[in-house]
Structure formats: structure tokens, C-alpha cells
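*Asks:* structure-v6.cif (mmCIF, C-alpha atoms) pasted underneath:
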```cif
data_run
#
loop_
_atom_site.group_PDB
_atom_site.id
_atom_site.type_symbol
_atom_site.label_atom_id
_atom_site.label_comp_id
_atom_site.auth_asym_id
_atom_site.auth_seq_id
_atom_site.Cartn_x
_atom_site.Cartn_y
_atom_site.Cartn_z
ATOM 1 C CA MET A 9 -20.161 -8.646 -11.659
ATOM 2 C CA THR A 10 -23.645 -7.409 -10.828
ATOM 3 C CA LYS A 11 -24.446 -4.428 -8.639
ATOM 4 C CA ARG A 12 -26.044 -6.773 -6.149
ATOM 5 C CA SER A 13 -22.942 -8.893 -5.799
ATOM 6 C CA SER A 14 -20.673 -5.848 -5.552
ATOM 7 C CA THR A 15 -22.844 -4.477 -2.746
ATOM 8 C CA LYS A 16 -22.640 -7.832 -1.013
ATOM 9 C CA ARG A 17 -18.872 -7.855 -1.500
ATOM 10 C CA LEU A 18 -18.601 -4.310 -0.116
ATOM 11 C CA ALA A 19 -20.534 -5.358 2.978
ATOM 12 C CA GLU A 20 -18.322 -8.398 3.464
ATOM 13 C CA ASP A 21 -15.088 -6.460 2.862
ATOM 14 C CA LEU A 22 -16.054 -3.762 5.352
ATOM 15 C CA GLY A 23 -17.666 -6.134 7.837
ATOM 16 C CA ILE A 24 -20.938 -4.195 7.791
ATOM 17 C CA PRO A 25 -24.541 -5.233 7.220
ATOM 18 C CA LYS A 26 -25.623 -5.316 3.592
ATOM 19 C CA SER A 27 -28.151 -2.550 4.299
ATOM 20 C CA ARG A 28 -25.309 -0.209 5.308
ATOM 21 C CA ALA A 29 -23.434 -1.072 2.113
ATOM 22 C CA VAL A 30 -26.524 -0.268 0.055
ATOM 23 C CA GLU A 31 -26.828 3.064 1.867
ATOM 24 C CA ALA A 32 -23.152 3.864 1.253
ATOM 25 C CA ARG A 33 -23.525 3.109 -2.473
ATOM 26 C CA MET A 34 -26.655 5.263 -2.677
ATOM 27 C CA LYS A 35 -24.935 8.193 -1.000
ATOM 28 C CA ALA A 36 -21.878 7.863 -3.242
ATOM 29 C CA LYS A 37 -24.009 7.772 -6.404
ATOM 30 C CA LEU A 38 -26.051 10.788 -5.318
ATOM 31 C CA VAL A 39 -22.990 12.815 -4.349
ATOM 32 C CA GLY A 40 -21.376 11.856 -7.666
ATOM 33 C CA ALA A 41 -24.419 13.206 -9.502
ATOM 34 C CA VAL A 42 -24.227 16.483 -7.561
ATOM 35 C CA ILE A 43 -20.514 16.801 -8.352
ATOM 36 C CA ALA A 44 -21.211 16.247 -12.055
ATOM 37 C CA GLU A 45 -23.963 18.880 -11.987
ATOM 38 C CA VAL A 46 -21.704 21.359 -10.184
ATOM 39 C CA LYS A 47 -19.076 20.898 -12.895
ATOM 40 C CA ARG A 48 -21.670 21.168 -15.663
ATOM 41 C CA SER A 49 -23.540 24.195 -14.323
ATOM 42 C CA GLY A 50 -20.761 26.021 -12.493
ATOM 43 C CA VAL A 51 -22.885 26.475 -9.367
ATOM 44 C CA THR A 52 -20.720 27.352 -6.364
ATOM 45 C CA HIS A 53 -20.506 25.561 -3.055
ATOM 46 C CA GLU A 54 -21.772 28.774 -1.443
ATOM 47 C CA THR A 55 -24.893 28.713 -3.613
ATOM 48 C CA LEU A 56 -25.487 25.031 -2.858
ATOM 49 C CA ALA A 57 -25.098 25.833 0.831
ATOM 50 C CA GLU A 58 -27.665 28.619 0.656
ATOM 51 C CA ARG A 59 -30.140 26.491 -1.289
ATOM 52 C CA SER A 60 -29.717 23.413 0.925
ATOM 53 C CA GLY A 61 -29.514 25.077 4.323
ATOM 54 C CA LEU A 62 -26.141 23.427 4.964
ATOM 55 C CA SER A 63 -22.987 25.379 5.772
ATOM 56 C CA ARG A 64 -20.485 25.989 2.978
ATOM 57 C CA PRO A 65 -17.753 24.015 4.787
ATOM 58 C CA THR A 66 -20.196 21.093 5.109
ATOM 59 C CA VAL A 67 -21.036 21.233 1.395
ATOM 60 C CA THR A 68 -17.359 21.414 0.480
ATOM 61 C CA GLY A 69 -16.559 18.471 2.761
ATOM 62 C CA ILE A 70 -19.328 16.337 1.287
ATOM 63 C CA LEU A 71 -18.348 17.144 -2.295
ATOM 64 C CA SER A 72 -14.714 16.396 -1.434
ATOM 65 C CA GLY A 73 -15.609 12.860 -0.447
ATOM 66 C CA SER A 74 -16.286 13.018 3.271
ATOM 67 C CA LEU A 75 -19.188 10.575 3.502
ATOM 68 C CA GLN A 76 -18.724 9.528 7.114
ATOM 69 C CA LYS A 77 -21.594 10.476 9.395
ATOM 70 C CA LEU A 78 -23.451 11.836 6.366
ATOM 71 C CA SER A 79 -27.194 11.328 6.487
ATOM 72 C CA LEU A 80 -29.197 10.465 3.428
ATOM 73 C CA GLY A 81 -31.325 13.510 4.249
ATOM 74 C CA ARG A 82 -28.375 15.855 3.833
ATOM 75 C CA VAL A 83 -27.419 14.236 0.550
ATOM 76 C CA LEU A 84 -30.966 14.632 -0.736
ATOM 77 C CA ARG A 85 -30.929 18.310 0.263
ATOM 78 C CA LEU A 86 -27.809 18.740 -1.882
ATOM 79 C CA VAL A 87 -29.396 16.850 -4.764
ATOM 80 C CA GLU A 88 -32.371 19.182 -4.678
ATOM 81 C CA ALA A 89 -30.161 22.272 -4.250
ATOM 82 C CA ALA A 90 -28.283 21.253 -7.403
ATOM 83 C CA GLY A 91 -31.574 21.121 -9.316
ATOM 84 C CA LEU A 92 -31.615 17.343 -9.535
ATOM 85 C CA GLU A 93 -34.221 14.755 -8.606
ATOM 86 C CA ALA A 94 -33.551 11.348 -7.052
ATOM 87 C CA GLU A 95 -35.528 8.151 -7.546
ATOM 88 C CA VAL A 96 -35.473 4.898 -5.592
ATOM 89 C CA ARG A 97 -36.312 1.464 -7.009
ATOM 90 C CA VAL A 98 -37.163 -1.501 -4.832
ATOM 91 C CA ARG A 99 -37.364 -5.067 -6.066
ATOM 92 C CA ARG A 100 -37.791 -8.537 -4.624
ATOM 93 C CA ALA A 101 -34.609 -10.090 -3.332
ATOM 94 C CA ALA A 102 -33.268 -12.938 -5.421
#
```
Would you mind writing the structure in this file as C-alpha cells?
*Replies:*
Amino acid sequence: MTKRSSTKRLAEDLGIPKSRAVEARMKAKLVGAVIAEVKRSGVTHETLAERSGLSRPTVTGILSGSLQKLSLGRVLRLVEAAGLEAEVRVRRAA
């Protein structure tokens, strides 16, 4: 199964537009990268909160899997606070 078809399937399963499914996958991948970096580096949620400008309870909630009502902007602030860099690729639709 390709990523494209799994995103389409996610959209269909959840009854949401494909664009929202793409956004959900992006957020999940970015948060997963932050979690991996936290484990690798040992940085605390408090430190991530200070660096990102988010509250510690917000950081803890995000890293515990609470992705509802989570903006891409907040996720990117966490990515940067963890010392990571995100990239986006765009291609023609098939």
C-alpha cells in the first residue's frame, strides 16, 4: 500500500476531506519525530515548553498523543524546540 492510498483510506474511514487526512498524517509524523528526539536527547517537557513558548501541560498533552485541535504551527514550534528541522515536499497529483 502506498502512502497516497493510505491517506485516501484514512480520509474515507474518518469521513473527512483528503486534505485533513494529509494534515493529520503530517502532524503525527512530526510529533513522532519530536518524541524520538526527546527520548534520544533526554530533553524535558519543561525545557521544550520554555523553548517553544507553549505551556508544559500543553507539551505533555501533545507528546502523549492529543492531536485534536492541534495546529500545525504549534507542532512546528515543538519541532524547532527539539532542535529538529521539518521539510515539506509537494508533487503533482497522480
*Asks:* So which residues touch range 73-87 of chain A within 12 Å, counting all atoms listed in the file, skipping near sequence neighbours fewer than 2 positions away, as a PyMOL selection string?
*Replies:* chain A and resi 28+30-46+51+53-71+89-96
*Asks:* So the first atom is CA of Ser14 in chain A and the second is CA of Lys26 in chain A; what is the distance between them in Å, to one decimal place?
*Replies:*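 Separation of CA of Ser14 in chain A and CA of Lys26 in chain A: 10.4 Å.
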*Asks:* Go ahead and compute the interatomic distance for CA of Arg99 in chain A and CA of Ala29 in chain A, in Å to one decimal.
*Replies:*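 CA of Ala29 in chain A lies 16.6 Å from CA of Arg99 in chain A.
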*Asks:* Around range 33-42 of chain A, with edges along x, y and z and 6 Å added on all six sides, what centre and edge lengths do you get, in Å to one decimal, as AutoDock Vina command-line options?
*Replies:*
```
--center_x -24.0 --center_y 9.8 --center_z -5.3 --size_x 17.3 --size_y 25.4 --size_z 20.5
```
*Asks:* Provide the CA of Val98 in chain A to CA of Arg48 in chain A distance in Å, to one decimal place.
*Replies:* 29.5 Å
